[in-house]
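Undergrad: Here you go, run.cif (mmCIF, C-alpha atoms (C1' of nucleotides)):
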data_model
loop_
_atom_site.group_PDB
_atom_site.id
_atom_site.type_symbol
_atom_site.label_atom_id
_atom_site.label_comp_id
_atom_site.auth_asym_id
_atom_site.auth_seq_id
_atom_site.Cartn_x
_atom_site.Cartn_y
_atom_site.Cartn_z
ATOM 1 C CA MET A 1 43.378 115.410 92.092
ATOM 2 C CA LYS A 2 43.509 118.452 89.847
ATOM 3 C CA ILE A 3 46.936 119.457 88.485
ATOM 4 C CA ALA A 4 47.264 122.667 86.476
ATOM 5 C CA THR A 5 49.973 124.513 84.565
ATOM 6 C CA PHE A 6 49.827 128.305 84.258
ATOM 7 C CA ASN A 7 52.308 130.753 82.733
ATOM 8 C CA ILE A 8 51.425 133.800 84.833
ATOM 9 C CA ASN A 9 53.783 136.305 83.109
ATOM 10 C CA GLY A 10 55.032 137.901 86.317
ATOM 11 C CA ILE A 11 53.943 137.095 89.883
ATOM 12 C CA LYS A 12 53.846 140.756 90.919
ATOM 13 C CA ALA A 13 51.551 141.654 88.046
ATOM 14 C CA ARG A 14 49.309 138.662 88.806
ATOM 15 C CA ALA A 15 49.013 139.162 92.588
ATOM 16 C CA GLU A 16 45.236 139.564 92.242
ATOM 17 C CA ALA A 17 44.314 137.448 89.209
ATOM 18 C CA LEU A 18 46.219 134.340 90.317
ATOM 19 C CA PRO A 19 44.645 134.015 93.809
ATOM 20 C CA ALA A 20 41.235 134.749 92.279
ATOM 21 C CA TRP A 21 41.656 131.826 89.886
ATOM 22 C CA LEU A 22 42.934 129.549 92.686
ATOM 23 C CA ASP A 23 39.865 130.318 94.780
ATOM 24 C CA GLU A 24 37.543 129.574 91.872
ATOM 25 C CA ALA A 25 39.247 126.554 90.273
ATOM 26 C CA ALA A 26 40.625 125.001 93.481
ATOM 27 C CA PRO A 27 43.501 123.064 91.892
ATOM 28 C CA ASP A 28 45.443 120.749 94.215
ATOM 29 C CA ILE A 29 48.706 121.418 92.400
ATOM 30 C CA VAL A 30 49.794 124.298 90.164
ATOM 31 C CA LEU A 31 52.985 124.449 88.116
ATOM 32 C CA LEU A 32 53.776 128.116 87.494
ATOM 33 C CA GLN A 33 56.036 129.599 84.826
ATOM 34 C CA GLU A 34 57.488 133.062 84.273
ATOM 35 C CA ILE A 35 57.265 134.139 87.885
ATOM 36 C CA LYS A 36 59.895 136.774 86.943
ATOM 37 C CA SER A 37 60.989 136.972 90.563
ATOM 38 C CA VAL A 38 63.830 135.915 92.785
ATOM 39 C CA ASP A 39 62.884 133.339 95.430
ATOM 40 C CA GLU A 40 63.111 135.881 98.276
ATOM 41 C CA ALA A 41 60.591 138.218 96.622
ATOM 42 C CA PHE A 42 58.003 135.523 95.802
ATOM 43 C CA PRO A 43 54.807 136.239 97.805
ATOM 44 C CA ARG A 44 54.582 132.832 99.497
ATOM 45 C CA ASP A 45 52.017 134.126 102.016
ATOM 46 C CA LEU A 46 49.404 134.550 99.270
ATOM 47 C CA PHE A 47 49.467 130.799 98.732
ATOM 48 C CA GLU A 48 50.352 129.444 102.159
ATOM 49 C CA GLU A 49 47.295 131.167 103.604
ATOM 50 C CA ARG A 50 45.251 129.192 101.047
ATOM 51 C CA GLY A 51 46.749 125.896 102.159
ATOM 52 C CA TYR A 52 49.457 125.468 99.527
ATOM 53 C CA ASN A 53 53.026 124.368 100.051
ATOM 54 C CA VAL A 54 55.361 126.444 97.887
ATOM 55 C CA ALA A 55 58.615 125.626 96.092
ATOM 56 C CA THR A 56 60.257 128.208 93.850
ATOM 57 C CA HIS A 57 63.142 128.312 91.403
ATOM 58 C CA GLY A 58 63.394 131.967 90.463
ATOM 59 C CA GLN A 59 65.771 134.500 88.984
ATOM 60 C CA LYS A 60 65.821 138.244 88.559
ATOM 61 C CA SER A 61 63.519 139.794 85.931
ATOM 62 C CA PHE A 62 62.964 136.806 83.668
ATOM 63 C CA ASN A 63 61.919 133.153 83.590
ATOM 64 C CA GLY A 64 61.399 131.423 86.944
ATOM 65 C CA VAL A 65 59.195 128.437 87.823
ATOM 66 C CA ALA A 66 57.342 127.393 90.973
ATOM 67 C CA ILE A 67 55.098 124.690 92.377
ATOM 68 C CA LEU A 68 52.058 125.196 94.598
ATOM 69 C CA SER A 69 50.720 122.034 96.233
ATOM 70 C CA LYS A 70 48.108 121.156 98.837
ATOM 71 C CA LEU A 71 50.138 117.973 99.443
ATOM 72 C CA PRO A 72 53.664 118.154 100.870
ATOM 73 C CA LEU A 73 56.415 118.592 98.280
ATOM 74 C CA GLU A 74 59.131 115.958 98.583
ATOM 75 C CA ASP A 75 62.536 115.630 96.915
ATOM 76 C CA VAL A 76 62.425 119.067 95.282
ATOM 77 C CA ALA A 77 65.049 119.478 92.538
ATOM 78 C CA ARG A 78 65.846 122.705 90.719
ATOM 79 C CA GLY A 79 67.376 123.116 87.260
ATOM 80 C CA LEU A 80 67.430 120.906 84.170
ATOM 81 C CA PRO A 81 70.413 118.513 84.239
ATOM 82 C CA GLY A 82 72.962 118.402 81.454
ATOM 83 C CA ASP A 83 74.607 121.846 81.398
ATOM 84 C CA GLY A 84 76.155 123.223 84.556
ATOM 85 C CA GLY A 85 76.738 126.556 82.810
ATOM 86 C CA ASP A 86 73.032 127.163 82.197
ATOM 87 C CA ASP A 87 71.761 129.576 84.867
ATOM 88 C CA GLN A 88 68.278 130.177 83.410
ATOM 89 C CA ALA A 89 65.565 129.099 85.875
ATOM 90 C CA ARG A 90 63.280 126.952 83.722
ATOM 91 C CA TRP A 91 62.886 123.553 85.431
ATOM 92 C CA ILE A 92 61.707 122.292 88.832
ATOM 93 C CA GLU A 93 60.756 118.821 90.040
ATOM 94 C CA ALA A 94 59.019 117.472 93.133
ATOM 95 C CA THR A 95 57.183 114.369 94.291
ATOM 96 C CA VAL A 96 53.721 114.346 95.849
ATOM 97 C CA VAL A 97 52.087 111.312 97.395
ATOM 98 C CA GLY A 98 48.337 110.806 97.181
ATOM 99 C CA LYS A 99 46.805 107.418 96.408
ATOM 100 C CA ALA A 100 49.902 107.056 94.272
ATOM 101 C CA ALA A 101 53.244 108.895 94.210
ATOM 102 C CA VAL A 102 53.673 111.257 91.264
ATOM 103 C CA ARG A 103 56.841 112.934 90.039
ATOM 104 C CA LEU A 104 56.019 116.479 88.914
ATOM 105 C CA CYS A 105 58.167 118.432 86.453
ATOM 106 C CA GLY A 106 57.384 122.118 85.903
ATOM 107 C CA LEU A 107 59.056 123.595 82.845
ATOM 108 C CA TYR A 108 59.426 126.843 80.938
ATOM 109 C CA LEU A 109 60.909 125.839 77.603
ATOM 110 C CA PRO A 110 62.924 128.569 75.821
ATOM 111 C CA ASN A 111 61.061 130.655 73.256
ATOM 112 C CA GLY A 112 63.863 130.425 70.686
ATOM 113 C CA ASN A 113 63.135 133.488 68.547
ATOM 114 C CA PRO A 114 64.594 134.788 66.390
ATOM 115 C CA ALA A 115 65.150 131.628 64.396
ATOM 116 C CA PRO A 116 67.595 130.680 63.144
ATOM 117 C CA GLY A 117 70.145 132.050 65.596
ATOM 118 C CA PRO A 118 71.764 131.465 68.985
ATOM 119 C CA LYS A 119 68.459 131.610 70.873
ATOM 120 C CA PHE A 120 67.015 128.925 68.617
ATOM 121 C CA ASP A 121 70.157 126.828 69.099
ATOM 122 C CA TYR A 122 69.716 127.175 72.870
ATOM 123 C CA LYS A 123 66.100 126.048 72.566
ATOM 124 C CA LEU A 124 67.026 122.911 70.614
ATOM 125 C CA ALA A 125 69.905 122.078 72.974
ATOM 126 C CA TRP A 126 67.597 122.565 75.981
ATOM 127 C CA MET A 127 65.044 120.231 74.414
ATOM 128 C CA GLU A 128 67.696 117.542 73.915
ATOM 129 C CA ARG A 129 68.598 117.855 77.617
ATOM 130 C CA MET A 130 64.899 117.594 78.460
ATOM 131 C CA ARG A 131 64.603 114.474 76.288
ATOM 132 C CA ALA A 132 67.437 112.850 78.229
ATOM 133 C CA ARG A 133 65.827 113.728 81.570
ATOM 134 C CA ALA A 134 62.426 112.486 80.344
ATOM 135 C CA ALA A 135 63.974 109.163 79.271
ATOM 136 C CA ASP A 136 65.511 108.756 82.732
ATOM 137 C CA LEU A 137 62.166 109.467 84.362
ATOM 138 C CA LEU A 138 60.370 106.962 82.112
ATOM 139 C CA ALA A 139 62.834 104.258 83.111
ATOM 140 C CA GLY A 140 61.464 104.553 86.647
ATOM 141 C CA GLU A 141 58.070 103.247 85.424
ATOM 142 C CA VAL A 142 56.143 105.517 87.793
ATOM 143 C CA PRO A 143 53.554 108.257 87.196
ATOM 144 C CA VAL A 144 55.288 111.372 85.843
ATOM 145 C CA VAL A 145 53.605 114.639 84.869
ATOM 146 C CA MET A 146 55.751 117.068 82.837
ATOM 147 C CA ALA A 147 53.757 120.275 82.572
ATOM 148 C CA GLY A 148 54.442 123.821 81.572
ATOM 149 C CA ASP A 149 54.933 126.342 78.815
ATOM 150 C CA TYR A 150 56.573 124.269 76.069
ATOM 151 C CA ASN A 151 56.691 127.157 73.573
ATOM 152 C CA ILE A 152 55.796 124.536 70.944
ATOM 153 C CA ILE A 153 52.758 124.536 68.659
ATOM 154 C CA PRO A 154 52.606 120.769 68.078
ATOM 155 C CA GLN A 155 50.430 120.740 64.949
ATOM 156 C CA ALA A 156 48.739 123.171 62.560
ATOM 157 C CA GLU A 157 45.376 122.580 64.256
ATOM 158 C CA ASP A 158 46.875 124.085 67.433
ATOM 159 C CA ALA A 159 47.020 127.571 65.861
ATOM 160 C CA ALA A 160 44.237 129.775 64.540
ATOM 161 C CA ARG A 161 46.576 131.020 61.786
ATOM 162 C CA PRO A 162 49.276 128.366 61.322
ATOM 163 C CA GLU A 163 50.635 130.083 58.201
ATOM 164 C CA ALA A 164 51.650 133.090 60.344
ATOM 165 C CA TRP A 165 53.847 130.812 62.516
ATOM 166 C CA ARG A 166 55.571 128.874 59.734
ATOM 167 C CA GLU A 167 58.987 130.495 60.263
ATOM 168 C CA ASP A 168 58.581 131.026 64.012
ATOM 169 C CA ALA A 169 60.645 129.187 66.632
ATOM 170 C CA LEU A 170 57.400 127.831 68.125
ATOM 171 C CA PHE A 171 56.396 126.040 64.928
ATOM 172 C CA ARG A 172 59.539 125.454 62.862
ATOM 173 C CA PRO A 173 60.004 121.815 61.820
ATOM 174 C CA GLU A 174 63.202 121.393 63.866
ATOM 175 C CA ALA A 175 61.440 122.513 67.056
ATOM 176 C CA ARG A 176 58.396 120.331 66.475
ATOM 177 C CA ALA A 177 60.622 117.341 65.678
ATOM 178 C CA ALA A 178 62.489 117.869 68.959
ATOM 179 C CA TYR A 179 59.128 117.956 70.753
ATOM 180 C CA ARG A 180 58.056 114.715 69.041
ATOM 181 C CA ARG A 181 61.312 113.048 70.098
ATOM 182 C CA ILE A 182 60.200 113.665 73.698
ATOM 183 C CA LEU A 183 56.545 112.764 73.123
ATOM 184 C CA ASN A 184 57.458 109.589 71.226
ATOM 185 C CA LEU A 185 59.435 108.234 74.161
ATOM 186 C CA GLY A 186 55.984 107.242 75.377
ATOM 187 C CA PHE A 187 54.273 110.334 76.782
ATOM 188 C CA THR A 188 50.627 111.279 76.332
ATOM 189 C CA ASP A 189 49.471 114.815 75.527
ATOM 190 C CA ALA A 190 46.681 114.905 78.119
ATOM 191 C CA LEU A 191 44.609 117.708 76.573
ATOM 192 C CA ARG A 192 44.729 116.199 73.062
ATOM 193 C CA THR A 193 43.504 112.867 74.434
ATOM 194 C CA ARG A 194 40.501 114.416 76.122
ATOM 195 C CA GLU A 195 39.740 117.155 73.572
ATOM 196 C CA PRO A 196 40.882 116.166 70.079
ATOM 197 C CA ARG A 197 39.011 118.897 68.207
ATOM 198 C CA PRO A 198 41.107 121.727 66.704
ATOM 199 C CA GLY A 199 41.045 125.229 68.144
ATOM 200 C CA GLN A 200 42.044 124.474 71.754
ATOM 201 C CA TYR A 201 44.259 127.433 72.615
ATOM 202 C CA SER A 202 46.225 128.349 75.753
ATOM 203 C CA PHE A 203 47.817 131.652 74.628
ATOM 204 C CA TRP A 204 46.538 134.808 72.975
ATOM 205 C CA ASP A 205 48.951 137.670 72.268
ATOM 206 C CA TYR A 206 48.331 141.000 73.993
ATOM 207 C CA GLN A 207 48.735 142.703 70.617
ATOM 208 C CA ALA A 208 46.424 143.344 67.691
ATOM 209 C CA GLY A 209 43.254 142.155 69.399
ATOM 210 C CA ALA A 210 44.345 138.511 69.338
ATOM 211 C CA TRP A 211 41.972 137.557 72.164
ATOM 212 C CA GLN A 212 38.986 139.319 70.636
ATOM 213 C CA LYS A 213 39.677 137.602 67.285
ATOM 214 C CA ASN A 214 40.401 134.239 68.972
ATOM 215 C CA ASN A 215 43.781 134.306 67.246
ATOM 216 C CA GLY A 216 45.345 131.852 69.673
ATOM 217 C CA ILE A 217 47.856 129.023 69.877
ATOM 218 C CA ARG A 218 48.191 125.947 72.097
ATOM 219 C CA ILE A 219 51.667 125.903 73.625
ATOM 220 C CA ASP A 220 51.035 124.943 77.274
ATOM 221 C CA HIS A 221 51.007 121.171 77.660
ATOM 222 C CA LEU A 222 50.800 118.390 80.237
ATOM 223 C CA LEU A 223 52.691 115.281 79.138
ATOM 224 C CA LEU A 224 51.970 112.068 81.058
ATOM 225 C CA SER A 225 54.109 108.964 81.419
ATOM 226 C CA PRO A 226 52.205 105.704 80.686
ATOM 227 C CA GLN A 227 51.717 105.122 84.407
ATOM 228 C CA ALA A 228 50.290 108.646 84.767
ATOM 229 C CA ALA A 229 48.135 108.333 81.638
ATOM 230 C CA ASP A 230 46.444 105.311 83.246
ATOM 231 C CA LEU A 231 45.244 107.659 86.008
ATOM 232 C CA LEU A 232 43.914 110.424 83.699
ATOM 233 C CA ARG A 233 40.239 111.228 84.169
ATOM 234 C CA ASP A 234 39.803 114.557 82.414
ATOM 235 C CA ALA A 235 41.640 117.557 80.997
ATOM 236 C CA GLY A 236 40.672 121.090 80.073
ATOM 237 C CA ILE A 237 41.621 124.714 79.487
ATOM 238 C CA ASP A 238 40.338 127.553 81.690
ATOM 239 C CA LYS A 239 39.892 129.858 78.700
ATOM 240 C CA ALA A 240 37.711 132.405 80.512
ATOM 241 C CA VAL A 241 40.703 133.520 82.601
ATOM 242 C CA ARG A 242 42.036 135.346 79.519
ATOM 243 C CA GLY A 243 38.999 137.660 79.586
ATOM 244 C CA GLY A 244 39.412 138.595 83.256
ATOM 245 C CA ASP A 245 40.983 141.650 84.854
ATOM 246 C CA LYS A 246 44.683 142.228 84.111
ATOM 247 C CA PRO A 247 45.178 138.742 82.664
ATOM 248 C CA SER A 248 48.322 136.865 81.731
ATOM 249 C CA ASP A 249 48.626 136.182 78.007
ATOM 250 C CA HIS A 250 48.446 132.444 78.878
ATOM 251 C CA VAL A 251 45.575 130.613 80.605
ATOM 252 C CA PRO A 252 45.620 127.568 82.927
ATOM 253 C CA VAL A 253 45.549 124.068 81.437
ATOM 254 C CA TRP A 254 44.644 121.239 83.830
ATOM 255 C CA VAL A 255 44.197 117.522 84.297
ATOM 256 C CA GLU A 256 42.035 115.616 86.748
ATOM 257 C CA MET A 257 43.778 112.418 87.849
ATOM 258 C CA ASP A 258 42.956 109.464 90.076
ATOM 259 C CA ILE A 259 45.703 110.150 92.562
ATOM 260 C "C1'" DA B 1 53.810 141.885 61.121
ATOM 261 C "C1'" DT B 2 57.454 145.968 59.026
ATOM 262 C "C1'" DG B 3 55.398 143.601 66.025
ATOM 263 C "C1'" DG B 4 49.860 147.468 67.112
ATOM 264 C "C1'" DC B 5 50.853 145.168 74.121
ATOM 265 C "C1'" DT B 6 52.726 143.885 78.651
ATOM 266 C "C1'" DA B 7 56.245 143.176 82.304
ATOM 267 C "C1'" DT B 8 60.591 144.085 84.513
ATOM 268 C "C1'" DA B 9 64.521 146.957 85.950
ATOM 269 C "C1'" DT B 10 66.063 151.471 89.047
ATOM 270 C "C1'" DG B 11 64.432 153.342 83.730
ATOM 271 C "C1'" DT B 12 63.452 158.933 81.497
ATOM 272 C "C1'" DT B 13 64.452 153.597 77.557
ATOM 273 C "C1'" DA B 14 66.041 148.776 76.786
ATOM 274 C "C1'" DT B 15 65.100 143.943 76.653
ATOM 275 C "C1'" DA B 16 62.193 139.943 76.281
ATOM 276 C "C1'" DG B 17 58.269 137.679 75.193
ATOM 277 C "C1'" DA B 18 55.536 134.604 71.301
#
Now that the file is in, can you turn its structure into structure tokens?

TA:
Amino acid sequence: MKIATFNINGIKARAEALPAWLDEAAPDIVLLQEIKSVDEAFPRDLFEERGYNVATHGQKSFNGVAILSKLPLEDVARGLPGDGGDDQARWIEATVVGKAAVRLCGLYLPNGNPAPGPKFDYKLAWMERMRARAADLLAGEVPVVMAGDYNIIPQAEDAARPEAWREDALFRPEARAAYRRILNLGFTDALRTREPRPGQYSFWDYQAGAWQKNNGIRIDHLLLSPQAADLLRDAGIDKAVRGGDKPSDHVPVWVEMDI
DNA sequence: ATGGCTATATGTTATAGA
């Protein structure tokens, strides 16, 4: 089973590029971020006619996450627990049952710039809530895949120009430490396991010819619980998507699992 | 990057992204 994460930067703007990638890559499950759409406006037909079940957690203009799945989506949950006053749509969960049952978490972690400041504080607080949810999920001792746009450059080798990101919310020590507190609960960075060489990027800025210069960063991750890591067969990045027509600034990252 | 591009809203420009 192929599970992918893809920050599409607006479902309306990606109404052609996203189906084209689905038809070519044929993922079984896709966790989407930045749909930038309310649930009612999400073009479900585009995906249902391709055999996907669809669950969305959207909001107007910004953020928004969704799950596409060839298998039925069970026990769908929307929103990250821990702050009832947080109305930003950045977290969705569902269970799919293949050879094994897998709990899927799709996430759009806050950007956090400018840092320091209230947006960075929100990012760190959100990550602490995510850590608590991740710990709860681990206690279940079942396969869990937490995938999405983490807005975290884990290490210097995950950026073409790490020095340019030193003060940025994506690379500041406090943000990376918060990421490690989640990872060190016992999760596996699937892409790093399968492709340990530096220079594996998932985002290239629209500006300043970043794509042409390969000035990228790796910020889209799939984290696997131990029970999910046991089922990992392969992982990769569909880099070519960035060079297609009207692309998102992110590309899909995927895992192949024995599920 | 002192932000050069892209997307969204009901806009004639602002806000957010990373």

Undergrad: Just how far from CA of Ala178 (chain A) is CA of Gln207 (chain A), in Å to one decimal?

TA: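 We find that CA of Gln207 (chain A) and CA of Ala178 (chain A) lie 28.4 Å from each other.
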
Undergrad: Given a cut-off of 8 Å, which residues of chain B touch chain A, counting all atoms listed in the file, written out as a PyMOL selection string?

TA: chain B and resi 4-9+17-18

Undergrad: How would you write, as a list in words, the residues chosen by the PyMOL selection byres ((chain A and resi 234) around 8) on this structure?

TA: Arg194, Leu232, Arg233, Ala235, Gly236, Val255, Glu256 and Met257 of chain A

Undergrad: Residues within 7 Å of (57.4, 127.5, 93.6), file coordinates, counting only C-alpha atoms (C1' of nucleotides): what are they? Give the list as number ranges by chain.

TA: A: 54-57, 65-68

Undergrad: What separation in Å, quoted to one decimal, exists between CA of Asp238 (chain A) and CA of Val251 (chain A)?

TA: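 Computing it gives 6.2 Å between the two atoms.
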
Undergrad: Can you rebuild region 9-33 of chain A with N, CA and C atoms and give it as a tab-separated table (two decimals), in the frame of the given file?

TA:
chain	number	residue	atom	x	y	z
A	9	ASN	N	53.16	135.08	83.64
A	9	ASN	CA	53.78	136.30	83.11
A	9	ASN	C	53.98	137.36	84.20
A	10	GLY	N	54.68	136.96	85.25
A	10	GLY	CA	55.03	137.90	86.32
A	10	GLY	C	54.15	137.74	87.56
A	11	ILE	N	54.74	137.30	88.67
A	11	ILE	CA	53.94	137.10	89.88
A	11	ILE	C	53.47	138.42	90.47
A	12	LYS	N	54.26	139.47	90.36
A	12	LYS	CA	53.85	140.76	90.92
A	12	LYS	C	52.63	141.29	90.18
A	13	ALA	N	52.66	141.16	88.87
A	13	ALA	CA	51.55	141.65	88.05
A	13	ALA	C	50.29	140.80	88.19
A	14	ARG	N	50.46	139.57	88.72
A	14	ARG	CA	49.31	138.66	88.81
A	14	ARG	C	48.89	138.43	90.26
A	15	ALA	N	49.27	139.34	91.16
A	15	ALA	CA	49.01	139.16	92.59
A	15	ALA	C	47.52	139.14	92.91
A	16	GLU	N	46.69	139.64	92.02
A	16	GLU	CA	45.24	139.56	92.24
A	16	GLU	C	44.60	138.47	91.40
A	17	ALA	N	44.97	138.41	90.11
A	17	ALA	CA	44.31	137.45	89.21
A	17	ALA	C	44.63	136.00	89.57
A	18	LEU	N	45.87	135.73	90.01
A	18	LEU	CA	46.22	134.34	90.32
A	18	LEU	C	45.46	133.81	91.54
A	19	PRO	N	45.45	134.50	92.68
A	19	PRO	CA	44.64	134.01	93.81
A	19	PRO	C	43.16	133.91	93.47
A	20	ALA	N	42.66	134.82	92.66
A	20	ALA	CA	41.24	134.75	92.28
A	20	ALA	C	40.95	133.46	91.53
A	21	TRP	N	41.85	133.08	90.62
A	21	TRP	CA	41.66	131.83	89.89
A	21	TRP	C	41.79	130.62	90.82
A	22	LEU	N	42.77	130.66	91.74
A	22	LEU	CA	42.93	129.55	92.69
A	22	LEU	C	41.67	129.34	93.50
A	23	ASP	N	41.06	130.44	93.95
A	23	ASP	CA	39.86	130.32	94.78
A	23	ASP	C	38.70	129.74	93.99
A	24	GLU	N	38.65	130.05	92.70
A	24	GLU	CA	37.54	129.57	91.87
A	24	GLU	C	37.76	128.14	91.39
A	25	ALA	N	38.98	127.85	90.91
A	25	ALA	CA	39.25	126.55	90.27
A	25	ALA	C	39.68	125.49	91.28
A	26	ALA	N	40.21	125.91	92.41
A	26	ALA	CA	40.62	125.00	93.48
A	26	ALA	C	41.51	123.85	93.01
A	27	PRO	N	42.58	124.14	92.27
A	27	PRO	CA	43.50	123.06	91.89
A	27	PRO	C	44.26	122.57	93.12
A	28	ASP	N	44.63	121.29	93.12
A	28	ASP	CA	45.44	120.75	94.22
A	28	ASP	C	46.91	121.10	94.01
A	29	ILE	N	47.31	121.14	92.73
A	29	ILE	CA	48.71	121.42	92.40
A	29	ILE	C	48.74	122.37	91.21
A	30	VAL	N	49.62	123.38	91.29
A	30	VAL	CA	49.79	124.30	90.16
A	30	VAL	C	51.28	124.43	89.86
A	31	LEU	N	51.63	124.23	88.58
A	31	LEU	CA	52.98	124.45	88.12
A	31	LEU	C	53.00	125.80	87.42
A	32	LEU	N	53.75	126.74	87.99
A	32	LEU	CA	53.78	128.12	87.49
A	32	LEU	C	55.03	128.37	86.68
A	33	GLN	N	54.88	129.16	85.61
A	33	GLN	CA	56.04	129.60	84.83
A	33	GLN	C	56.05	131.12	84.72
